[in-house]
file coords.cif (mmCIF, C-alpha atoms)
data_start
loop_
_atom_site.label_atom_id
_atom_site.label_comp_id
_atom_site.auth_asym_id
_atom_site.auth_seq_id
_atom_site.Cartn_x
_atom_site.Cartn_y
_atom_site.Cartn_z
CA MET A 126 0.00 0.00 0.00
CA ASN A 127 1.03 3.64 -0.31
CA GLY A 128 1.19 4.35 3.43
CA LEU A 129 -2.47 5.35 3.72
CA PRO A 130 -4.77 3.36 5.99
CA TYR A 131 -6.67 0.77 4.00
CA SER A 132 -10.41 1.08 3.78
CA SER A 133 -12.82 -0.59 1.45
CA THR A 134 -15.58 1.98 1.16
CA LEU A 135 -17.40 0.91 -1.98
CA THR A 136 -18.47 3.50 -4.53
CA GLY A 137 -20.22 3.17 -7.87
CA TRP A 138 -19.06 4.68 -11.16
CA ARG A 139 -21.35 7.67 -10.52
CA GLU A 140 -22.50 9.09 -7.20
CA TRP A 141 -24.40 11.99 -5.72
CA VAL A 142 -21.87 13.90 -3.61
CA ARG A 143 -21.95 16.90 -1.27
CA LEU A 144 -19.68 19.95 -1.06
CA GLU A 145 -21.48 21.64 1.79
CA GLY A 146 -18.49 23.82 2.73
CA LEU A 147 -18.84 25.39 -0.72
CA GLY A 148 -22.61 25.78 -0.35
CA VAL A 149 -23.34 22.89 -2.73
CA PRO A 150 -25.54 20.34 -0.94
CA TRP A 151 -25.82 18.00 -3.97
CA VAL A 152 -24.01 17.47 -7.27
CA LYS A 153 -23.89 14.37 -9.46
CA ALA A 154 -20.30 13.21 -9.96
CA LYS A 155 -18.55 10.70 -12.16
CA ILE A 156 -16.02 8.55 -10.33
CA ASP A 157 -13.09 8.78 -12.73
CA THR A 158 -10.07 6.56 -12.12
CA GLY A 159 -8.54 8.04 -15.28
CA ALA A 160 -8.32 11.50 -13.71
CA GLN A 161 -5.64 12.25 -11.14
CA THR A 162 -7.26 15.29 -9.55
CA SER A 163 -10.96 15.90 -8.96
CA ALA A 164 -12.59 18.60 -11.08
CA LEU A 165 -15.59 20.83 -10.40
CA HIS A 166 -17.71 22.71 -12.95
CA ALA A 167 -17.07 26.40 -12.33
CA THR A 168 -17.69 29.48 -14.46
CA GLU A 169 -16.84 33.16 -14.15
CA ILE A 170 -13.53 32.22 -12.51
CA VAL A 171 -11.69 35.31 -11.29
CA GLU A 172 -8.42 35.21 -9.39
CA PHE A 173 -7.57 38.02 -6.96
CA GLU A 174 -5.49 38.74 -3.87
CA ARG A 175 -6.74 39.07 -0.32
CA ASP A 176 -4.17 40.22 2.25
CA GLY A 177 -1.38 39.24 -0.13
CA VAL A 178 -2.75 35.69 -0.57
CA PRO A 179 -4.09 34.42 -3.93
CA TRP A 180 -7.82 33.72 -3.90
CA VAL A 181 -10.36 32.73 -6.52
CA ARG A 182 -14.04 33.60 -6.95
CA PHE A 183 -16.22 31.33 -9.09
CA LEU A 184 -19.79 30.34 -9.80
CA VAL A 185 -20.89 26.74 -9.22
CA GLN A 186 -23.98 25.59 -11.10
CA PRO A 187 -24.75 22.16 -9.65
CA TRP A 188 -27.58 21.22 -12.02
CA GLN A 189 -27.00 19.82 -15.49
CA ALA A 190 -30.07 21.34 -17.10
CA ASP A 191 -30.82 24.38 -14.94
CA GLU A 192 -29.05 27.50 -13.71
CA ASN A 193 -31.14 27.69 -10.52
CA ASP A 194 -29.37 27.22 -7.20
CA ALA A 195 -26.07 28.54 -8.59
CA VAL A 196 -23.67 29.50 -5.78
CA TRP A 197 -20.86 32.09 -5.71
CA VAL A 198 -17.81 30.74 -3.90
CA GLU A 199 -14.56 32.37 -2.77
CA ARG A 200 -11.61 30.20 -1.68
CA PRO A 201 -7.86 30.56 -1.27
CA VAL A 202 -5.93 29.19 -4.24
CA HIS A 203 -4.16 26.06 -3.01
CA ASP A 204 -2.20 25.37 -6.19
CA ARG A 205 -2.26 25.72 -9.97
CA ARG A 206 -2.18 22.65 -12.23
CA LEU A 207 -1.67 22.06 -15.91
CA VAL A 208 -4.40 19.52 -16.71
CA ARG A 209 -4.62 17.67 -20.00
CA SER A 210 -8.13 16.67 -21.06
CA SER A 211 -8.97 13.35 -22.67
CA SER A 212 -8.96 15.19 -26.02
CA GLY A 213 -5.35 16.29 -25.40
CA HIS A 214 -6.09 19.96 -24.68
CA ALA A 215 -3.92 21.37 -21.85
CA GLU A 216 -5.37 23.97 -19.48
CA ALA A 217 -3.87 25.74 -16.45
CA ARG A 218 -6.44 25.50 -13.65
CA PRO A 219 -6.64 26.93 -10.15
CA VAL A 220 -6.92 24.33 -7.40
CA VAL A 221 -8.92 24.80 -4.19
CA LEU A 222 -9.32 22.58 -1.14
CA ALA A 223 -12.75 21.36 -0.10
CA THR A 224 -14.47 18.73 2.01
CA LEU A 225 -16.22 16.18 -0.17
CA ASN A 226 -18.88 13.85 1.17
CA LEU A 227 -18.64 10.68 -0.92
CA VAL A 228 -20.73 7.62 0.00
CA GLY A 229 -21.28 9.04 3.49
CA ARG A 230 -17.61 9.80 4.21
CA ASP A 231 -16.11 13.29 4.49
CA ILE A 232 -12.67 13.60 2.91
CA GLU A 233 -10.44 16.56 2.05
CA VAL A 234 -9.91 16.91 -1.69
CA GLU A 235 -8.14 19.14 -4.16
CA LEU A 236 -10.53 20.45 -6.83
CA THR A 237 -9.45 21.91 -10.13
CA LEU A 238 -11.91 24.51 -11.41
CA THR A 239 -12.98 24.28 -15.05
CA ASP A 240 -15.97 24.88 -17.29
CA ARG A 241 -17.66 21.49 -17.73
CA GLU A 242 -20.82 22.91 -19.34
CA GLU A 243 -20.62 20.50 -22.28
CA MET A 244 -19.94 17.48 -20.07
CA VAL A 245 -22.60 15.15 -18.64
CA PHE A 246 -21.27 15.37 -15.07
CA ARG A 247 -20.64 18.63 -13.21
CA MET A 248 -17.89 16.98 -11.17
CA LEU A 249 -15.23 14.30 -11.53
CA VAL A 250 -13.83 12.49 -8.50
CA GLY A 251 -10.25 11.53 -9.33
CA ARG A 252 -7.65 9.07 -8.06
CA GLU A 253 -6.19 11.38 -5.39
CA ALA A 254 -9.57 11.44 -3.64
CA LEU A 255 -10.24 7.74 -4.23
CA ALA A 256 -6.84 6.81 -2.75
CA GLN A 257 -8.30 7.82 0.64
CA GLY A 258 -9.85 4.39 0.95
CA PHE A 259 -12.39 3.90 -1.83
CA VAL A 260 -12.95 0.92 -4.11
CA VAL A 261 -14.88 1.51 -7.32
CA ASP A 262 -17.45 -1.01 -8.53
CA SER A 263 -17.89 -0.06 -12.18
CA SER A 264 -21.14 -2.03 -12.42
CA GLU A 265 -22.87 0.02 -9.71
CA SER A 266 -24.30 3.55 -9.39
CA PHE A 267 -25.36 5.70 -6.46
CA LEU A 268 -24.22 3.36 -3.68
CA GLY A 269 -24.20 6.37 -1.37
CA GLY A 270 -27.89 6.92 -1.96
CA ARG A 271 -29.80 9.56 -3.83
CA PRO A 272 -31.01 13.00 -2.82
CA PRO A 273 -34.74 13.67 -2.52
CA ARG A 274 -36.78 13.35 -5.71
CA ALA A 275 -37.19 17.14 -6.00
CA VAL A 276 -33.40 17.55 -6.14
CA ARG A 277 -33.05 14.89 -8.84
CA ARG A 278 -35.82 16.55 -10.87
CA ARG A 279 -34.05 19.93 -10.60
CA ASN A 280 -30.87 18.31 -11.90
CA ARG A 281 -32.79 17.15 -14.98
CA GLY A 282 -34.40 20.59 -15.45
CA LEU A 283 -37.88 19.31 -14.59
CA VAL A 284 -38.77 21.89 -11.94
#
call {"tool": "encode", "arguments": {"input": "coords.cif", "output": "structure tokens"}}
result
Amino acid sequence: MNGLPYSSTLTGWREWVRLEGLGVPWVKAKIDTGAQTSALHATEIVEFERDGVPWVRFLVQPWQADENDAVWVERPVHDRRLVRSSSGHAEARPVVLATLNLVGRDIEVELTLTDREEMVFRMLVGREALAQGFVVDSSESFLGGRPPRAVRRRNRGLV
């Protein structure tokens, strides 16, 4: 093992997750073992300084088919990463720290911020997060449960 305590928390290939510290109670995420770092759909990304420390302000739109419930977030910039997409396009992205609730467990994760408007999932959970004791069952979905029906309908733009 890589020095981390072993856990076998099972997750499906897609899950409803929570980023409550960012004001995002629900977002549907793809569990992506091909991605190193987790990524969050963010728009209107603006970097600035606060007391000499780099910060970033961004808009999170958690629903795939609806702009309702969008949340403005401000966080310190933890890092900056050059991320190469599956199509080969390289993009420099700001990285922020957040607490992610995945399958009922709270873990600290690094999130790259990028516009995922054209993607099916508003968030990817990458290997760095999964290395904190998760096992992926690619034949399963939503092992951590689902949000209330009204939330799922909002995600599909039905409200």
call {"tool": "atom_distance", "arguments": {"input": "coords.cif", "atom1": "CA of Glu140 in chain A", "atom2": "CA of Asp157 in chain A"}}
result
10.9 Å
call {"tool": "atom_distance", "arguments": {"input": "coords.cif", "atom1": "CA of Lys153 in chain A", "atom2": "CA of Arg247 in chain A"}}
result
6.5 Å
call {"tool": "atom_distance", "arguments": {"input": "coords.cif", "atom1": "CA of Val202 in chain A", "atom2": "CA of Glu172 in chain A"}}
result
8.3 Å
call {"tool": "closest_residue", "arguments": {"input": "coords.cif", "among": "A:Glu199, A:Ile170, A:Val185, A:Ser133", "to": "Gln257 in chain A", "atoms": "only C-alpha atoms"}}
result
A:Ser133
call {"tool": "resolve_selection", "arguments": {"input": "coords.cif", "expression": "the PyMOL selection byres ((chain A and resi 277) around 12)", "output": "PyMOL selection string"}}
result
chain A and resi 141+151-153+187-191+270-276+278-284
call {"tool": "write_last_selection", "arguments": {"input": "coords.cif", "atoms": "C-alpha atoms", "output": "PDB file, in the frame of the given file"}}
result
ATOM      1  CA  TRP A 141     -24.400  11.990  -5.720  1.00  0.00           C
ATOM      2  CA  TRP A 151     -25.820  18.000  -3.970  1.00  0.00           C
ATOM      3  CA  VAL A 152     -24.010  17.470  -7.270  1.00  0.00           C
ATOM      4  CA  LYS A 153     -23.890  14.370  -9.460  1.00  0.00           C
ATOM      5  CA  PRO A 187     -24.750  22.160  -9.650  1.00  0.00           C
ATOM      6  CA  TRP A 188     -27.580  21.220 -12.020  1.00  0.00           C
ATOM      7  CA  GLN A 189     -27.000  19.820 -15.490  1.00  0.00           C
ATOM      8  CA  ALA A 190     -30.070  21.340 -17.100  1.00  0.00           C
ATOM      9  CA  ASP A 191     -30.820  24.380 -14.940  1.00  0.00           C
ATOM     10  CA  GLY A 270     -27.890   6.920  -1.960  1.00  0.00           C
ATOM     11  CA  ARG A 271     -29.800   9.560  -3.830  1.00  0.00           C
ATOM     12  CA  PRO A 272     -31.010  13.000  -2.820  1.00  0.00           C
ATOM     13  CA  PRO A 273     -34.740  13.670  -2.520  1.00  0.00           C
ATOM     14  CA  ARG A 274     -36.780  13.350  -5.710  1.00  0.00           C
ATOM     15  CA  ALA A 275     -37.190  17.140  -6.000  1.00  0.00           C
ATOM     16  CA  VAL A 276     -33.400  17.550  -6.140  1.00  0.00           C
ATOM     17  CA  ARG A 278     -35.820  16.550 -10.870  1.00  0.00           C
ATOM     18  CA  ARG A 279     -34.050  19.930 -10.600  1.00  0.00           C
ATOM     19  CA  ASN A 280     -30.870  18.310 -11.900  1.00  0.00           C
ATOM     20  CA  ARG A 281     -32.790  17.150 -14.980  1.00  0.00           C
ATOM     21  CA  GLY A 282     -34.400  20.590 -15.450  1.00  0.00           C
ATOM     22  CA  LEU A 283     -37.880  19.310 -14.590  1.00  0.00           C
ATOM     23  CA  VAL A 284     -38.770  21.890 -11.940  1.00  0.00           C
TER      24      VAL A 284
END
call {"tool": "resolve_selection", "arguments": {"input": "coords.cif", "expression": "the PyMOL selection byres ((chain A and resi 225) around 9)", "output": "list in words"}}
result
Val142, Arg143, Leu144, Glu145, Gly146, Ala223, Thr224, Asn226, Leu227, Arg230, Asp231, Ile232, Glu233, Val234 and Ala254 of chain A
call {"tool": "closest_residue", "arguments": {"input": "coords.cif", "among": "A:Ser163, A:Asn193, A:Ser263, A:Ser212", "to": "Phe246 in chain A", "atoms": "all atoms listed in the file"}}
result
A:Ser163
call {"tool": "closest_residue", "arguments": {"input": "coords.cif", "among": "A:Val181, A:Gly148, A:Trp197, A:Gly269", "to": "Pro219 in chain A", "atoms": "all atoms listed in the file"}}
result
A:Val181
call {"tool": "closest_residue", "arguments": {"input": "coords.cif", "among": "A:Leu249, A:Val228, A:Thr237, A:Ala217", "to": "Thr136 in chain A", "atoms": "all atoms listed in the file"}}
result
A:Val228
call {"tool": "resolve_selection", "arguments": {"input": "coords.cif", "expression": "the PyMOL selection byres ((chain A and resi 183) around 6)", "output": "list in words"}}
result
Ala167, Thr168, Glu169, Ile170, Arg182, Leu184, Trp197 and Val198 of chain A
call {"tool": "closest_residue", "arguments": {"input": "coords.cif", "among": "A:Gly258, A:Val220, A:Ser210, A:Leu268", "to": "Ala160 in chain A", "atoms": "all atoms listed in the file"}}
result
A:Ser210
call {"tool": "closest_residue", "arguments": {"input": "coords.cif", "among": "A:Leu147, A:Thr162, A:Trp138, A:Val245", "to": "Arg200 in chain A", "atoms": "all atoms listed in the file"}}
result
A:Leu147
call {"tool": "residues_around", "arguments": {"input": "coords.cif", "residues": "Ala164 in chain A", "least_positions_apart": "2", "cutoff": "8 Å", "atoms": "only C-alpha atoms", "output": "list of chain:residue names"}}
result
A:Thr162, A:His166, A:Leu236, A:Thr237, A:Leu238, A:Thr239, A:Met248, A:Leu249, A:Val250, A:Gly251
call {"tool": "axis_aligned_box", "arguments": {"input": "coords.cif", "around": "range 167-182 of chain A", "padding_each_side": "8 Å", "output": "JSON"}}
result
{"center_x": -9.5, "center_y": 33.3, "center_z": -6.1, "size_x": 32.3, "size_y": 29.8, "size_z": 32.7}
call {"tool": "build_atoms", "arguments": {"input": "coords.cif", "residues": "range 215-238 of chain A", "atoms": "N, CA and C atoms", "output": "compact mmCIF listing (two decimals), keeping the file's coordinate frame"}}
result
# COMPACT_ATOMS: atom_id res chain seq x y z
N ALA A 215 -4.50 21.05 -23.16
CA ALA A 215 -3.92 21.37 -21.85
C ALA A 215 -4.47 22.71 -21.37
N GLU A 216 -4.79 22.77 -20.07
CA GLU A 216 -5.37 23.97 -19.48
C GLU A 216 -4.79 24.18 -18.08
N ALA A 217 -4.33 25.40 -17.80
CA ALA A 217 -3.87 25.74 -16.45
C ALA A 217 -5.11 26.04 -15.61
N ARG A 218 -5.25 25.33 -14.49
CA ARG A 218 -6.44 25.50 -13.65
C ARG A 218 -6.05 25.84 -12.22
N PRO A 219 -6.83 26.73 -11.58
CA PRO A 219 -6.64 26.93 -10.15
C PRO A 219 -7.16 25.72 -9.39
N VAL A 220 -6.54 25.45 -8.25
CA VAL A 220 -6.92 24.33 -7.40
C VAL A 220 -7.33 24.88 -6.04
N VAL A 221 -8.46 24.43 -5.53
CA VAL A 221 -8.92 24.80 -4.19
C VAL A 221 -9.10 23.53 -3.36
N LEU A 222 -9.06 23.69 -2.05
CA LEU A 222 -9.32 22.58 -1.14
C LEU A 222 -10.78 22.61 -0.71
N ALA A 223 -11.36 21.44 -0.54
CA ALA A 223 -12.75 21.36 -0.10
C ALA A 223 -12.97 20.03 0.61
N THR A 224 -14.04 19.99 1.39
CA THR A 224 -14.47 18.73 2.01
C THR A 224 -15.54 18.13 1.12
N LEU A 225 -15.30 16.92 0.70
CA LEU A 225 -16.22 16.18 -0.17
C LEU A 225 -16.86 15.07 0.65
N ASN A 226 -18.19 14.98 0.58
CA ASN A 226 -18.88 13.85 1.17
C ASN A 226 -19.19 12.87 0.05
N LEU A 227 -18.50 11.73 0.09
CA LEU A 227 -18.64 10.68 -0.92
C LEU A 227 -19.05 9.40 -0.21
N VAL A 228 -20.19 8.86 -0.57
CA VAL A 228 -20.73 7.62 0.00
C VAL A 228 -20.73 7.71 1.53
N GLY A 229 -21.14 8.87 2.05
CA GLY A 229 -21.28 9.04 3.49
C GLY A 229 -20.01 9.36 4.25
N ARG A 230 -18.88 9.46 3.56
CA ARG A 230 -17.61 9.80 4.21
C ARG A 230 -17.15 11.18 3.80
N ASP A 231 -16.69 11.98 4.77
CA ASP A 231 -16.11 13.29 4.49
C ASP A 231 -14.61 13.14 4.31
N ILE A 232 -14.10 13.63 3.18
CA ILE A 232 -12.67 13.60 2.91
C ILE A 232 -12.24 14.96 2.37
N GLU A 233 -11.00 15.33 2.61
CA GLU A 233 -10.44 16.56 2.05
C GLU A 233 -9.94 16.26 0.65
N VAL A 234 -10.31 17.12 -0.31
CA VAL A 234 -9.91 16.91 -1.69
C VAL A 234 -9.38 18.20 -2.30
N GLU A 235 -8.55 18.03 -3.31
CA GLU A 235 -8.14 19.14 -4.16
C GLU A 235 -9.08 19.13 -5.36
N LEU A 236 -9.63 20.31 -5.69
CA LEU A 236 -10.53 20.45 -6.83
C LEU A 236 -9.94 21.41 -7.83
N THR A 237 -9.78 20.96 -9.08
CA THR A 237 -9.45 21.91 -10.13
C THR A 237 -10.76 22.52 -10.60
N LEU A 238 -10.71 23.79 -10.97
CA LEU A 238 -11.91 24.51 -11.41
C LEU A 238 -11.86 24.65 -12.92
